[in-house]
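**Student:** The following block contains the structure, expressed as structure tokens.
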Amino acid sequence: MNGSHFHSFPRILVIGAFLLASGTYDRFAAGTTLQELFNGGSIVAGDSQFSDFEMISLDSTAAVTPDLSQIDVVPLVSDLSNPGLQFSTNGQLQISGVEAIDLVFKFRVDALAGINTFTNHALTLDGIRFGGTGGLANITDEVTNRFGGDLGSTLVFDNTKSNSTKSLDTLNFAPQPEVSVISKVFIQGLSTADALNLASFTQSFSQTGPAVLPGDFNHDKVVDTADIQAMLTALTDFNSYQAAHELSDDELVLLGDLNGDGLVTNADLQGLINLLANGSSSGGGTLTAVPEPASVAMAILGSLSLVASAALVRIRRSVGDHATDVIA
Ligand SMILES: [Ca+2]
Ligand SMILES: [Ca+2]
């Protein structure tokens, strides 16, 4: 055995261990527990997959620290156009007296169909029981796009101290192939006679947006090297491209903004190259070709002078109201 084999051996072991670990992650269709999801599990509801669960923090002054393996997470598929998850806490999110529990976690939602898009999120506080003189509970969801851009947030609460309740909040946003969510769950008693049990809450994400696969410029439902030429053509004349494919400005941004700056420009060619080279897109396993980065770069170089000589066409989207201006 020579030196190079010897040195490469540990790296192969590491990769093998990673693949083994990935393969052990479970995908639950019938329901699981929050702890299983934090351990790397994912859960399917209708055409949506919920994955990448991660506990950010759990702070509790309750007499019994919440046992996350007792919190059930069940897919809601009664309305397939609006699939979601129900969290049933089985008494684990419960305080009595001057106590508080603060649980923060995050997860990701993908459309399994690959080309469907999310446009709405709903947060529901559907099971809360007060004892004694009550207390307060609130849940906040912060929703971001695949680049980490803010899509807005939802807030539900029930507060016997201020006698205020909001059990449902919804959020609409421009079509997204995937969204990430940070959930903040907080319950608190302010006096010794306070008591409350946050029994359940639900989160749902509806796929009612257009079927657009980011990077699929020739609209054949796969992202491959053929999309490079289609993108180059589109970059020279967005108006014609949008008209030919009946794309709204939002849909064009969803299709072509591959670096997350809210614009579709020549700079997104690099985003498409990265998408092809990395072999990963928001559509999961929809890539059919994973070219060598070098060959993609050669293909780009051959056409780049064409793009450079074209007028820079940009789509600018304002963050505030989703209004869109086309600047040619
Ligand atoms: Ca394509
Ligand atoms: Ca962009």
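Ligands are numbered from 1 in the order shown, chains are lettered A, B, ... in the order of the structure tokens, and residues start at 1 in each chain.
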Using only C-alpha atoms, which residues sit within 6 Å of stretch 127-133 of chain A once same-chain residues fewer than 3 positions away are excluded, as a ChimeraX atom specification?
**Tutor:** /A:193-200
**Student:** Write to file, as a PDB file, in the first residue's frame, the residues of the selection just made, with N, CA and C atoms.
**Tutor:**
ATOM      1  N   ALA A 193     -51.755  31.227  41.584  1.00  0.00           N
ATOM      2  CA  ALA A 193     -53.017  30.547  41.267  1.00  0.00           C
ATOM      3  C   ALA A 193     -53.172  30.261  39.776  1.00  0.00           C
ATOM      4  N   ASP A 194     -52.190  30.666  38.982  1.00  0.00           N
ATOM      5  CA  ASP A 194     -52.290  30.459  37.538  1.00  0.00           C
ATOM      6  C   ASP A 194     -52.001  29.004  37.171  1.00  0.00           C
ATOM      7  N   ALA A 195     -52.643  28.547  36.096  1.00  0.00           N
ATOM      8  CA  ALA A 195     -52.355  27.216  35.554  1.00  0.00           C
ATOM      9  C   ALA A 195     -52.870  27.145  34.129  1.00  0.00           C
ATOM     10  N   LEU A 196     -52.083  26.523  33.262  1.00  0.00           N
ATOM     11  CA  LEU A 196     -52.592  26.302  31.900  1.00  0.00           C
ATOM     12  C   LEU A 196     -51.878  25.125  31.255  1.00  0.00           C
ATOM     13  N   ASN A 197     -52.598  24.533  30.337  1.00  0.00           N
ATOM     14  CA  ASN A 197     -52.109  23.378  29.593  1.00  0.00           C
ATOM     15  C   ASN A 197     -52.288  23.674  28.106  1.00  0.00           C
ATOM     16  N   LEU A 198     -51.175  23.856  27.408  1.00  0.00           N
ATOM     17  CA  LEU A 198     -51.236  24.047  25.949  1.00  0.00           C
ATOM     18  C   LEU A 198     -51.293  22.655  25.328  1.00  0.00           C
ATOM     19  N   ALA A 199     -52.506  22.209  24.996  1.00  0.00           N
ATOM     20  CA  ALA A 199     -52.701  20.819  24.586  1.00  0.00           C
ATOM     21  C   ALA A 199     -52.359  20.565  23.129  1.00  0.00           C
ATOM     22  N   SER A 200     -52.685  21.521  22.253  1.00  0.00           N
ATOM     23  CA  SER A 200     -52.375  21.271  20.839  1.00  0.00           C
ATOM     24  C   SER A 200     -52.356  22.556  20.025  1.00  0.00           C
TER      25      SER A 200
END
**Student:** Taking only C-alpha atoms and all ligand atoms into account, which residues are within 12 Å of ligand 2, as JSON, numbers by chain?
**Tutor:** {"A": [147, 214, 215, 235, 252, 253, 254, 255, 256, 257, 258, 259, 260, 261, 262, 263, 264, 265, 266, 267, 268, 269, 270, 271, 272, 313, 314, 315, 316, 317]}
**Student:** Deliver the residues from the most recent selection as a file, using C-alpha atoms, as a tab-separated table (two decimals), in the first residue's frame.
**Tutor:**
chain	number	residue	atom	x	y	z
A	147	PHE	CA	-32.55	31.96	0.67
A	214	PRO	CA	-36.49	27.20	-10.16
A	215	GLY	CA	-33.97	27.07	-12.99
A	235	LEU	CA	-32.01	37.15	-20.42
A	252	LEU	CA	-40.33	34.84	-13.32
A	253	VAL	CA	-38.56	35.70	-10.06
A	254	LEU	CA	-39.42	32.26	-8.68
A	255	LEU	CA	-38.04	30.66	-11.84
A	256	GLY	CA	-34.96	32.76	-12.39
A	257	ASP	CA	-33.77	34.37	-9.16
A	258	LEU	CA	-31.24	31.71	-8.31
A	259	ASN	CA	-29.03	33.77	-6.02
A	260	GLY	CA	-31.78	35.14	-3.78
A	261	ASP	CA	-31.47	38.89	-4.41
A	262	GLY	CA	-35.04	39.26	-5.66
A	263	LEU	CA	-33.86	40.13	-9.18
A	264	VAL	CA	-33.40	38.10	-12.33
A	265	THR	CA	-30.11	39.18	-13.88
A	266	ASN	CA	-27.02	37.79	-15.59
A	267	ALA	CA	-25.70	37.08	-12.10
A	268	ASP	CA	-28.24	34.29	-11.78
A	269	LEU	CA	-26.37	32.32	-14.46
A	270	GLN	CA	-23.88	31.52	-11.71
A	271	GLY	CA	-26.79	30.40	-9.58
A	272	LEU	CA	-27.89	28.00	-12.30
A	313	VAL	CA	-32.84	43.53	-18.14
A	314	ARG	CA	-33.84	43.34	-14.58
A	315	ILE	CA	-36.89	42.52	-12.61
A	316	ARG	CA	-36.97	44.42	-9.37
A	317	ARG	CA	-39.42	43.40	-6.71
**Student:** Pick the closest to A:Ser164 from A:Thr144, A:Gln203, A:Ser96, A:Asn138: which is it, counting only C-alpha atoms?
**Tutor:** A:Asn138
**Student:** Using only C-alpha atoms and all ligand atoms, which residues have at least one atom no more than 12 Å from ligand 1? Output them as an MDAnalysis selection string.
**Tutor:** chainID A and resid 115 212:231 255:256 272 276 283 286:289
**Student:** Neighbours of A:Lys166 within 10 Å (only C-alpha atoms; same-chain residues fewer than 6 positions away dropped), as a PyMOL selection string?
**Tutor:** chain A and resi 124-125+138+155-159
**Student:** Okay, now the selection with C-alpha atoms, as a PDB file, in the first residue's frame?
**Tutor:**
ATOM      1  CA  THR A 124     -53.876  27.605  14.790  1.00  0.00           C
ATOM      2  CA  LEU A 125     -53.991  27.498  18.585  1.00  0.00           C
ATOM      3  CA  ASN A 138     -48.527  32.536  22.522  1.00  0.00           C
ATOM      4  CA  LEU A 155     -49.015  34.983  15.856  1.00  0.00           C
ATOM      5  CA  VAL A 156     -51.695  33.249  17.910  1.00  0.00           C
ATOM      6  CA  PHE A 157     -52.307  33.764  21.616  1.00  0.00           C
ATOM      7  CA  ASP A 158     -54.662  33.256  24.499  1.00  0.00           C
ATOM      8  CA  ASN A 159     -54.203  35.512  27.495  1.00  0.00           C
TER       9      ASN A 159
END
**Student:** Could you work out how far atom CA of A:Ala63 lies from atom CA of A:Val98, giving the answer in Å with one decimal?
**Tutor:**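 One can read the atom CA of A:Val98 to atom CA of A:Ala63 distance as 10.3 Å.
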